[in-house]
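Asker: Take this structure first; my questions come after.
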Number of protein chains: 4
Amino acid sequence: MQLRCMCLVIRAPHDLQVEEQEAAEPGPGQVLVQVGFGGICGSDLHYFHDGGFGTVRIKRPMILGHEVAGTVTAVAPDVSRVKPGDKVAVNPSRPCSRCVYCLEGLPNQCLDMRFYGSAMRDPHVEGAFRNLLVCDAVQCEVVAAHVPLQHAALAEPFSVALHGVSRAGSLLGKRVLVSGCGPIGTLAVAAARVHGAAEIVAVDLTDETLAVARAMGAHQTLNVAQDSGWVARYGADGSTRKGSFDVMLECSGNERALRAGLDTMRPRGVVVQLGLGGDVSIPQNLVVAKELSICGSFRFHAEFALAVRLINEGRVDMRPMITGSFPLSQARQAFELASDRKRAMKVLLDFAPDAMAA
Amino acid sequence: MQLRCMCLVIRAPHDLQVEEQEAAEPGPGQVLVQVGFGGICGSDLHYFHDGGFGTVRIKRPMILGHEVAGTVTAVAPDVSRVKPGDKVAVNPSRPCSRCVYCLEGLPNQCLDMRFYGSAMRDPHVEGAFRNLLVCDAVQCEVVAAHVPLQHAALAEPFSVALHGVSRAGSLLGKRVLVSGCGPIGTLAVAAARVHGAAEIVAVDLTDETLAVARAMGAHQTLNVAQDSGWVARYGADGSTRKGSFDVMLECSGNERALRAGLDTMRPRGVVVQLGLGGDVSIPQNLVVAKELSICGSFRFHAEFALAVRLINEGRVDMRPMITGSFPLSQARQAFELASDRKRAMKVLLDFAPDAMAA
Amino acid sequence: MQLRCMCLVIRAPHDLQVEEQEAAEPGPGQVLVQVGFGGICGSDLHYFHDGGFGTVRIKRPMILGHEVAGTVTAVAPDVSRVKPGDKVAVNPSRPCSRCVYCLEGLPNQCLDMRFYGSAMRDPHVEGAFRNLLVCDAVQCEVVAAHVPLQHAALAEPFSVALHGVSRAGSLLGKRVLVSGCGPIGTLAVAAARVHGAAEIVAVDLTDETLAVARAMGAHQTLNVAQDSGWVARYGADGSTRKGSFDVMLECSGNERALRAGLDTMRPRGVVVQLGLGGDVSIPQNLVVAKELSICGSFRFHAEFALAVRLINEGRVDMRPMITGSFPLSQARQAFELASDRKRAMKVLLDFAPDAMAA
Amino acid sequence: MQLRCMCLVIRAPHDLQVEEQEAAEPGPGQVLVQVGFGGICGSDLHYFHDGGFGTVRIKRPMILGHEVAGTVTAVAPDVSRVKPGDKVAVNPSRPCSRCVYCLEGLPNQCLDMRFYGSAMRDPHVEGAFRNLLVCDAVQCEVVAAHVPLQHAALAEPFSVALHGVSRAGSLLGKRVLVSGCGPIGTLAVAAARVHGAAEIVAVDLTDETLAVARAMGAHQTLNVAQDSGWVARYGADGSTRKGSFDVMLECSGNERALRAGLDTMRPRGVVVQLGLGGDVSIPQNLVVAKELSICGSFRFHAEFALAVRLINEGRVDMRPMITGSFPLSQARQAFELASDRKRAMKVLLDFAPDAMAA
C-alpha cells in the first residue's frame, strides 16, 4: 500500500506549494510519523521571502520545516524506543556521530550535519512540513499524553533557547537581560526562568512581543523604543557599579541592541549571542575594560530531550507562544502572518487530513 | 634630610620634562624605592603623542610611568615584607579592597582603582617615572639577586599578558594564535608558552617583532602582510575542520587581525581580547555558528607576583624584549624610539643618578 | 528607655533557659529588629544535646540561634537599606571583608567570621534567638509583605542548600540525587528544582521526610531502608551505562549513603557534600575509574539574598517544611520535637510577646 | 612470508614467559610496528606478582604491556598518517567511538574500551610487549628523529599524568602538591611544570624517588617519613591561612598521604586522585569546611598526542625517569627490579633482535 504524502515545497522566493510525494517506508531503526503540527521558523521565512540568507540559497526545490510533532503510526521491527500511538516531537538535527566534533561531544558542530529543511548543503536536506515523515527512532522524544501537539512542536525552538542558556553556565542568582523578544527571545526568557535566574529583564521594540515575554516569565519588560533612559538606569553609574546584568541573551541579532546591552553588563558578564545579523560593530574597549565575554550559541543537541521533558512536566507553558494554526492548504497565509512581528509569535501549520483539505 | 626626586612629567602632548620634586617619606606600611629602570608603555606613548586616548585626557601635569623596578632604600618600622637592599618590582595597581568588585575577587575591576600614571581619574594618579618612589610594601615583589632590574621592570606588562592567558582557561594541549606582536603580544607568547600551550603561532605585519615573538617562544611566526594564504591554511577546509586554533590572544586591537583570526578558530574557540582599538566590526554569524567566545582582558592582579616569580626562576627570559635603555635626561629620544614598531620592542628609562646626569 | 530583651541561652547540654538581657541600641549602620520567628537548626540541637560537635564546644553561656526573621523597629540615622516596619530575614553570617579569603570572593571562608550562635570562637558569638536583635543593616534582606515570617526564617537553611547547588555548576538538564532528606536535604531538592534540574530523585530512610521532599519538588523518592535494589537500578549495568546521576547532593553525612550514591553516579559526576559526619570511607578506585568529583560545600554568602528573593516571588513554597512553632517559653519542647526526625522537619520558635508569655 | 613474533606472556602470577606467535598482517587502516622499547607499568607488576588487582584477574594467558614505542615497518595501502621508517609511540587505548561516553567526548570512559594488556574484559585484550605489533595507524604518534625510543615509550604514563593535570583546570600561578613520587607522580611533576604551575612541592617516603621528582621539575621535595612537621608548615596556622596548596596531585593511593595533603590545602583546593588504593577514610568535615574537591582521574585520551609533542620538542626531558633497559630474555629480572621502589623508577624492556637473543 502506497501512502499519500503532502509536502510543503519551496522552489524560489514566494513560490510555496503543496506537492504530493510518495511516502517512504521506515527502514531499520526508523519510524513513520503522522505529523500533527509544524512551527514556522525564521529560517523558513528567509527561504520564503528571500530564497535563503547569507550564502545559503535554495538551488533546487526543497521541503521546508524543522519544528514538528506528531504521532507514530509504524515502527521498524528493531525499534523499541517508541511504539505506534506515541505522540512525539521530532528532533530535526541529525549529526553524523563520526566526525571529530561529534566525537568531542559537540554534535551541533558536526561536519556532516543533516538538518531538516536546510539548503546549507547541496543536495539540500528535505524538511518536515509533510503529513507523513519517516525518521530515525532516535530523533523521537515521547510527548506526554496530556500535551497538545501544538505545544510539542515548539520543542525545537525551545531547545535552541535552552542551548543558549547552557552557554552562560549556571544562572543561579544571576540577573539576566534578554534582548529581542521574537520566538527565540521569548523562549529564552522561559529557559532562563526554568534554569533559576534570579531576575529576568526582557527588552524589545514592540509591546506585543513584550507581553508574551512577560507571560513566559520575564520579571520586567521594557519597550526600548519608548524608554530612552534604560541603559543609564542599568549601566555604569560612575561610583557604585559598572553595570547590572550578569548575563545577556542576545536574540535580536541587532547591532544597536547588542551595544546597548553591553553598556548594562557587569564586569565579567557573559553575552550569549543567539540572534543572527551579519556584521556588527562592537565597542572593543568596553569589552576589554569590563572583561565581558561574547559567546556564540548555535542550534542544540542534548537540549531537545530536555525541552520535551520540561514541556511534559508543565514546567514551561507554551500557550502564550502560539499565535494560531493554519491548515497546510493555507500555508501562504500562515507564512505572511508569521512575518508580522506585531501580530505573530509562533504560527503553526496543521497537517491533519481535514485541515489540509480545508 | 630632604631627598631630591627627579620626575618625568607630561603637561600636554609632546611636553615632556624632567622636574624636581620633594620626595615623600614612607608612612606606615610604606617603603622608599630607588627606582632603577622603567619601561615605556603604549599608554605612556598615547599621553606623549596625543595627550591621552579615548575619553582619557591629561587635564593637569602628571608624572608618567607604571612599569618600574628598583631597590628598597628605607622601610617604615611596621614593614616586614621587604627590607632595605631588596631588589623589587613595583605593582602600579592599587585597588581599594573595599568596593563590591574587590570583595568579589575582581580587584582589577575596582571602582576606586588608583593606577600609577593614569589620567582616568581627576586629580590624576601620579606615575612612577621618578628616581625615588614611596609605595606600599604590599606593592613590592622581591626580585632575585641575579635578575637585572631591566628584566624586573617588565613584570608589569608580563602580568597583563599572564592575566590574558588566565582568561582563556587551561592551555594544556591547546593551539594558540597570538595576533599582534608588540610588547603585550610577545609577552603573551611567553605567557602561553609557560602555561603549557601545545603550539603557538604568532602573526604580525613586521618581521622585526616576529623575530622577538620567536625568541619568546612562538613555534611559528607569520608575516601576514606577505602571506595572504594563512587564513585559508588554518581556517575551515570544507570537510575536515572549521578552523585550527583553540585560543586566540588578540593583542593588536586591529579589526582586520581580529576578523582574520576568527576565521581560523575551532568551534568553541576562545578569543581573549587584550588589544584596544575602538569600535570593531565582527562577523556575528561566524561567532554564532562556530560558538566562539570573545573575552575581554583588562590589566591584572595576582599575576604580578607570578610574573616576578617566573622571571626570578628563569622560566621566562626577558632579554629578547629589551631594545635598550636611555638615561632620564634623554627621555624624549626614548619615547621617540619606543614609538617606532620596526626598531623598538621595549624601551627603558634608566633612573640611576649617573644616567640621569648624562 | 531601656528595652526588655528575652534570650534563649545554653549553658551546658540540656541547660536551656530564657534569660532577660538589656537590649543594645543600634549604632551607625545598624538596625533594631523585633524577631518574629527562629528556626531550630541541627547545630542548635548539637549544642542542646551534646554541648557541641567535634572540637566545637560550649565553654561559657551563649545565646543560640541563627535562622531568624522579624520586623525592623528602628534604624540608625545613616541607614537607608531598610526602614522601620520592613519585614526582614537576618543573615547570621558576618565575614570580616578584609582577610585574604574575603578579598578572593570567598567570604564563607573568612578567617575572622562572626556567625550567630556559634561556639567555634571563644568568646562565642551570641545567637539570634532573642526577641530584640541589633544587627547591621547589610545583614537584612527585605521580605515581601505577603510572606509569613515563618517562611522567611527558612532563608538561612535555604541559602545553605542553594550554595550547595551552586557548587555543582549548572544543573540544566541534569539528573540529581539528593541523599538525606532532613531540612537541608529537602531544601536542596527545592534548590535543585528552582535551578533547573531535569530530574530529582531523593532518598532517605524514613517515609515522613520523603513526603516532604516530594512536596518540595522531588520527581521521585525512595525509602532505601526498604528498597535494596535501588543502587542496582541506577548504577552500572555492565553494558550501557556506568551510572545514572550527574549530580549528588549528599546531605546525610552518612558513609553508607555516600557510598551507595557513588555507585549510581555517571562518569565525571559531581558529588556535593553538605552533610557532616566525621571520617568516612570512600571507594577510591571507583572515584578514580569514573572520574567522580566530591566537593565540599560550607555555609553560603550571596545565596542569602537569592533565598529571600525566591521566597518573596513564590518560586519556592516553604509550607511543607514547617512542622510547627512554639512560644519561646516552650523552647525545650520545641527542641525535643525538632530532634525527632520522624515527626519534625523544621520547628520554629515564636518570639511574639504573647507567645513568649504563653 | 611469515614473520616471527616474540611475545611476553603471563599465565599466572610469576609465570612470565617469552613465547613465539605468528605475527598478524596489517589490515585496512593498520600498520606494522617493530617495537623498540616497552615500559613496565604498575599494572604489569600487579599481574606479575598477584595475577591482577581488585576484581581484575588473569583468567587465561595474556601478552602484557601497554607502554611501547617502535618503528613502522609496513603500512596498509590506505594509510597516510605514518610511513615505513617513522618512529612512533603507540597509544594502547582504543575506545569504540560509538558508545554514549565516546560521543560525549569522554573516550577514556568508553563502555567498550580495548586497552592493551588488560584483563578487565574476557577474553583479555592482548598487550604490546612483543617485537612485532599490528595496530591502527590512528594509534601511532610520530616521534621526532632525535628522540630515543626509550623516551618515547614513556609517552603513555606521561599521558596519564597530563590527564590528571587537566582535571585540575588551569595551573597558572597555582601552588601544587604532588603526593607519591612513583612513575606517575614524578611525571605529574613534569606535567604540572609544563602546565605553568607556580610552585611544585613533591612528597614521598624515599629519597631516591624524590631525587627524580626534583630532576623532573619539583621546586621542593620533602621526605615525609623524616619530616613530621611538614603538614603544620603548610597547613592551617589558625590566623592567616587554612592551607597552602591550590592543587594536590595524589599519586600514591595511600590514605595517610591523602589525609595529610588535605590538611595542607587551601579553601576550594582541588585534589586530583590518580593513585589507586582501595577504600580510604577521608575527614568529611574538613572537605566540607574548606570546600575541597576530590576528583578522580582515569587514563587519558587527547593527552597522548600532547605527550609525544612535548617529548619531541624537548619541553620534558625523560632521562631522569629511566632506570635502565633489559633484553626481553631478561624480562623476569626487569620485573623484579621494577618492583623495587628504592632502586627503580621506570624499567624498560628492549625488543631489539639482538637484545632479545641476549
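Letters for chains follow the order of the C-alpha cells (A, B, ...), residue numbers begin at 1 for each chain, and ligand numbers begin at 1 in the order shown.
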Check which residues of chain A sit at most 9 Å from chain B using only C-alpha atoms, and return one row each with the closest pair of atoms and their distance in Å to one decimal, ordered by chain and rising number, as a tab-separated table.
Answerer:
residue	atom	partner	partner_atom	distance
A:Cys99	CA	B:Thr240	CA	7.9
A:Val100	CA	B:Thr240	CA	7.9
A:Tyr101	CA	B:Pro267	CA	8.3
A:Leu106	CA	B:Pro267	CA	8.5
A:Gln109	CA	B:Pro267	CA	6.9
A:Leu111	CA	B:Ser239	CA	6.5
A:Asp112	CA	B:Ser239	CA	8.0
A:Gly238	CA	B:Leu111	CA	8.3
A:Ser239	CA	B:Leu111	CA	6.5
A:Thr240	CA	B:Leu111	CA	7.0
A:Arg241	CA	B:Leu111	CA	7.3
A:Lys242	CA	B:Leu111	CA	8.1
A:Gly253	CA	B:Gln284	CA	7.8
A:Pro267	CA	B:Gln109	CA	6.9
A:Arg268	CA	B:Gly296	CA	8.3
A:Val270	CA	B:Cys295	CA	8.7
A:Val272	CA	B:Ser293	CA	8.9
A:Gln273	CA	B:Val288	CA	6.3
A:Leu274	CA	B:Val288	CA	6.5
A:Gly275	CA	B:Val288	CA	7.9
A:Leu276	CA	B:Asn285	CA	5.5
A:Gly277	CA	B:Gln284	CA	6.4
A:Gly278	CA	B:Gln284	CA	5.6
A:Asp279	CA	B:Pro283	CA	4.5
A:Val280	CA	B:Ser281	CA	5.2
A:Ser281	CA	B:Ser281	CA	4.0
A:Ile282	CA	B:Asp279	CA	5.4
A:Pro283	CA	B:Asp279	CA	4.5
A:Gln284	CA	B:Asp279	CA	5.5
A:Asn285	CA	B:Leu276	CA	5.5
A:Leu286	CA	B:Gly296	CA	8.3
A:Val287	CA	B:Gly296	CA	5.1
A:Val288	CA	B:Gly296	CA	3.8
A:Ala289	CA	B:Phe298	CA	5.4
A:Lys290	CA	B:Gly296	CA	7.0
A:Glu291	CA	B:Gly296	CA	4.0
A:Leu292	CA	B:Gly296	CA	5.3
A:Ser293	CA	B:Cys295	CA	4.1
A:Ile294	CA	B:Ile294	CA	5.0
A:Cys295	CA	B:Ser293	CA	4.1
A:Gly296	CA	B:Val288	CA	3.8
A:Ser297	CA	B:Glu291	CA	5.1
A:Phe298	CA	B:Ala289	CA	5.4
A:Arg299	CA	B:Ala289	CA	8.4
Asker: Quick one, how far is atom CA of Gly65 of chain A from atom CA of Gly117 of chain A?
Answerer: 5.2 Å
Asker: Select from segment 149-271 of chain D everything DSSP, run on the backbone, classes as strand (DSSP E or B), then give the selection as JSON, numbers by chain.
Answerer: {"D": [172, 175, 176, 177, 178, 179, 197, 199, 200, 201, 202, 203, 204, 220, 221, 222, 223, 235, 243, 245, 246, 247, 248, 249, 250, 265, 266, 267, 268, 269, 270, 271]}
Asker: I need the residue nearest Pro26 of chain A from this list: A:Gly229, A:Gly85, A:Gly39, A:Pro77. Use only C-alpha atoms for the distance.
Answerer: A:Pro77
Asker: Once DSSP has gone over the backbone, tell me which residues of segment 7-238 of chain D are in alpha helix (DSSP H), as an NGL selection string.
Answerer: :D and (42-50 or 100-103 or 149-152 or 155-167 or 183-194 or 207-215 or 230-234)
Asker: Would you mind listing what lies within 12 Å of Phe37 of chain B as a ChimeraX atom specification, with only C-alpha atoms counted and same-chain residues fewer than 4 positions away left out?
Answerer: /B:33,65-71,87-90,128-132,148-155,322,324-328,346-353,355-356
Asker: Could you take the residues named above and write them with N, CA and C atoms, as a CSV table (one decimal), in the first residue's frame?
Answerer:
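Contents of selection-v9.csv, freshly written:
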chain,number,residue,atom,x,y,z
B,33,VAL,N,61.6,53.4,47.5
B,33,VAL,CA,62.3,52.6,46.5
B,33,VAL,C,63.1,53.6,45.6
B,65,GLY,N,54.3,56.8,33.8
B,65,GLY,CA,55.0,55.6,34.1
B,65,GLY,C,54.4,54.7,35.1
B,66,HIS,N,54.5,53.4,34.8
B,66,HIS,CA,53.9,52.4,35.7
B,66,HIS,C,54.6,51.0,35.6
B,67,GLU,N,55.7,51.0,34.9
B,67,GLU,CA,56.5,49.7,34.7
B,67,GLU,C,57.9,49.9,35.3
B,68,VAL,N,58.0,49.8,36.7
B,68,VAL,CA,59.3,50.1,37.2
B,68,VAL,C,59.8,49.0,38.2
B,69,ALA,N,61.1,49.0,38.3
B,69,ALA,CA,61.7,48.1,39.3
B,69,ALA,C,62.9,48.9,39.9
B,70,GLY,N,63.2,48.6,41.2
B,70,GLY,CA,64.3,49.4,41.8
B,70,GLY,C,64.8,48.7,43.1
B,71,THR,N,65.3,49.4,43.9
B,71,THR,CA,65.9,48.9,45.2
B,71,THR,C,65.3,49.6,46.4
B,87,LYS,N,65.9,44.1,46.0
B,87,LYS,CA,65.5,44.5,44.7
B,87,LYS,C,64.0,44.1,44.5
B,88,VAL,N,63.3,45.1,44.0
B,88,VAL,CA,61.8,44.8,43.9
B,88,VAL,C,61.3,45.3,42.6
B,89,ALA,N,60.2,44.6,42.1
B,89,ALA,CA,59.3,45.2,41.1
B,89,ALA,C,58.1,45.8,41.8
B,90,VAL,N,57.7,46.9,41.3
B,90,VAL,CA,56.6,47.7,42.0
B,90,VAL,C,55.3,47.5,41.2
B,128,ALA,N,55.3,56.5,38.1
B,128,ALA,CA,56.5,56.0,38.8
B,128,ALA,C,57.7,56.3,38.1
B,129,PHE,N,57.7,57.1,37.0
B,129,PHE,CA,58.9,57.5,36.3
B,129,PHE,C,59.6,58.6,37.2
B,130,ARG,N,60.2,58.2,38.2
B,130,ARG,CA,60.9,59.1,39.2
B,130,ARG,C,62.0,58.3,39.8
B,131,ASN,N,63.1,58.9,40.3
B,131,ASN,CA,64.1,58.1,40.8
B,131,ASN,C,63.9,57.7,42.2
B,132,LEU,N,63.0,58.4,42.9
B,132,LEU,CA,62.6,58.0,44.3
B,132,LEU,C,61.1,57.8,44.4
B,148,PRO,N,68.5,41.1,36.5
B,148,PRO,CA,68.8,42.6,36.3
B,148,PRO,C,67.5,43.3,36.5
B,149,LEU,N,67.6,44.6,37.0
B,149,LEU,CA,66.4,45.4,37.2
B,149,LEU,C,65.7,45.7,35.8
B,150,GLN,N,66.4,45.7,34.8
B,150,GLN,CA,65.8,45.9,33.5
B,150,GLN,C,64.8,44.8,33.2
B,151,HIS,N,65.1,43.6,33.6
B,151,HIS,CA,64.2,42.5,33.3
B,151,HIS,C,63.0,42.6,34.3
B,152,ALA,N,63.3,43.0,35.5
B,152,ALA,CA,62.2,43.1,36.5
B,152,ALA,C,61.2,44.2,36.1
B,153,ALA,N,61.7,45.2,35.4
B,153,ALA,CA,60.8,46.3,35.0
B,153,ALA,C,59.7,45.8,34.1
B,154,LEU,N,59.9,44.6,33.5
B,154,LEU,CA,58.9,44.0,32.6
B,154,LEU,C,57.9,43.2,33.3
B,155,ALA,N,57.9,43.1,34.6
B,155,ALA,CA,56.9,42.3,35.3
B,155,ALA,C,55.5,42.8,35.1
B,322,ILE,N,64.1,43.5,25.3
B,322,ILE,CA,64.6,44.8,25.6
B,322,ILE,C,65.4,45.4,24.5
B,324,GLY,N,66.6,48.6,24.5
B,324,GLY,CA,67.7,49.4,25.0
B,324,GLY,C,67.2,50.3,26.1
B,325,SER,N,68.1,51.0,26.8
B,325,SER,CA,67.7,51.9,27.9
B,325,SER,C,68.4,53.3,27.7
B,326,PHE,N,67.7,54.3,28.1
B,326,PHE,CA,68.1,55.7,28.0
B,326,PHE,C,68.1,56.4,29.3
B,327,PRO,N,69.1,57.2,29.6
B,327,PRO,CA,69.1,58.0,30.8
B,327,PRO,C,67.8,58.9,30.8
B,328,LEU,N,67.4,59.2,32.0
B,328,LEU,CA,66.1,60.0,32.1
B,328,LEU,C,66.3,61.3,31.3
B,346,LYS,N,60.7,46.9,23.7
B,346,LYS,CA,60.5,47.6,25.0
B,346,LYS,C,61.7,48.5,25.2
B,347,VAL,N,61.5,49.8,25.4
B,347,VAL,CA,62.5,50.8,25.6
B,347,VAL,C,62.4,51.2,27.1
B,348,LEU,N,63.6,51.2,27.8
B,348,LEU,CA,63.6,51.5,29.2
B,348,LEU,C,64.2,52.9,29.5
B,349,LEU,N,63.7,53.5,30.5
B,349,LEU,CA,64.4,54.7,31.1
B,349,LEU,C,65.3,54.2,32.2
B,350,ASP,N,66.5,54.8,32.3
B,350,ASP,CA,67.4,54.5,33.4
B,350,ASP,C,67.4,55.6,34.4
B,351,PHE,N,67.1,55.3,35.6
B,351,PHE,CA,67.0,56.3,36.6
B,351,PHE,C,68.2,56.4,37.6
B,352,ALA,N,69.2,55.7,37.2
B,352,ALA,CA,70.5,55.8,38.0
B,352,ALA,C,71.0,57.2,38.0
B,353,PRO,N,71.5,57.7,39.1
B,353,PRO,CA,71.9,59.1,39.2
B,353,PRO,C,72.9,59.5,38.0
B,355,ALA,N,73.1,58.1,35.2
B,355,ALA,CA,72.3,58.1,33.9
B,355,ALA,C,71.5,59.3,33.7
B,356,MET,N,70.9,59.8,34.8
B,356,MET,CA,70.1,61.0,34.8
B,356,MET,C,70.9,62.2,34.4
Asker: Fewer than 5 positions away in the same chain doesn't count, so skip those; otherwise give me all residues within 12 Å of Arg233 of chain C, counting only C-alpha atoms, as a list of chain:residue names.
Answerer: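 Result of the neighbour search: C:Leu222, C:Asp227, C:Ser228, C:Gly238, C:Arg241, C:Lys242, C:Gly243, C:Ser244, C:Phe245, C:Ala260, C:Gly261, C:Asp263, C:Thr264, C:Met265.
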Asker: Residues within 12 Å of Val165 of chain C, please, as a VMD selection string. Count only C-alpha atoms; anything in the same chain fewer than 5 positions from it doesn't count.
Answerer: (chain A and resid 170 to 173 196) or (chain C and resid 158 to 160 170 to 172 174 176 to 178 184 to 185 187 to 197 247 to 251 270 to 274 295 to 300 303)
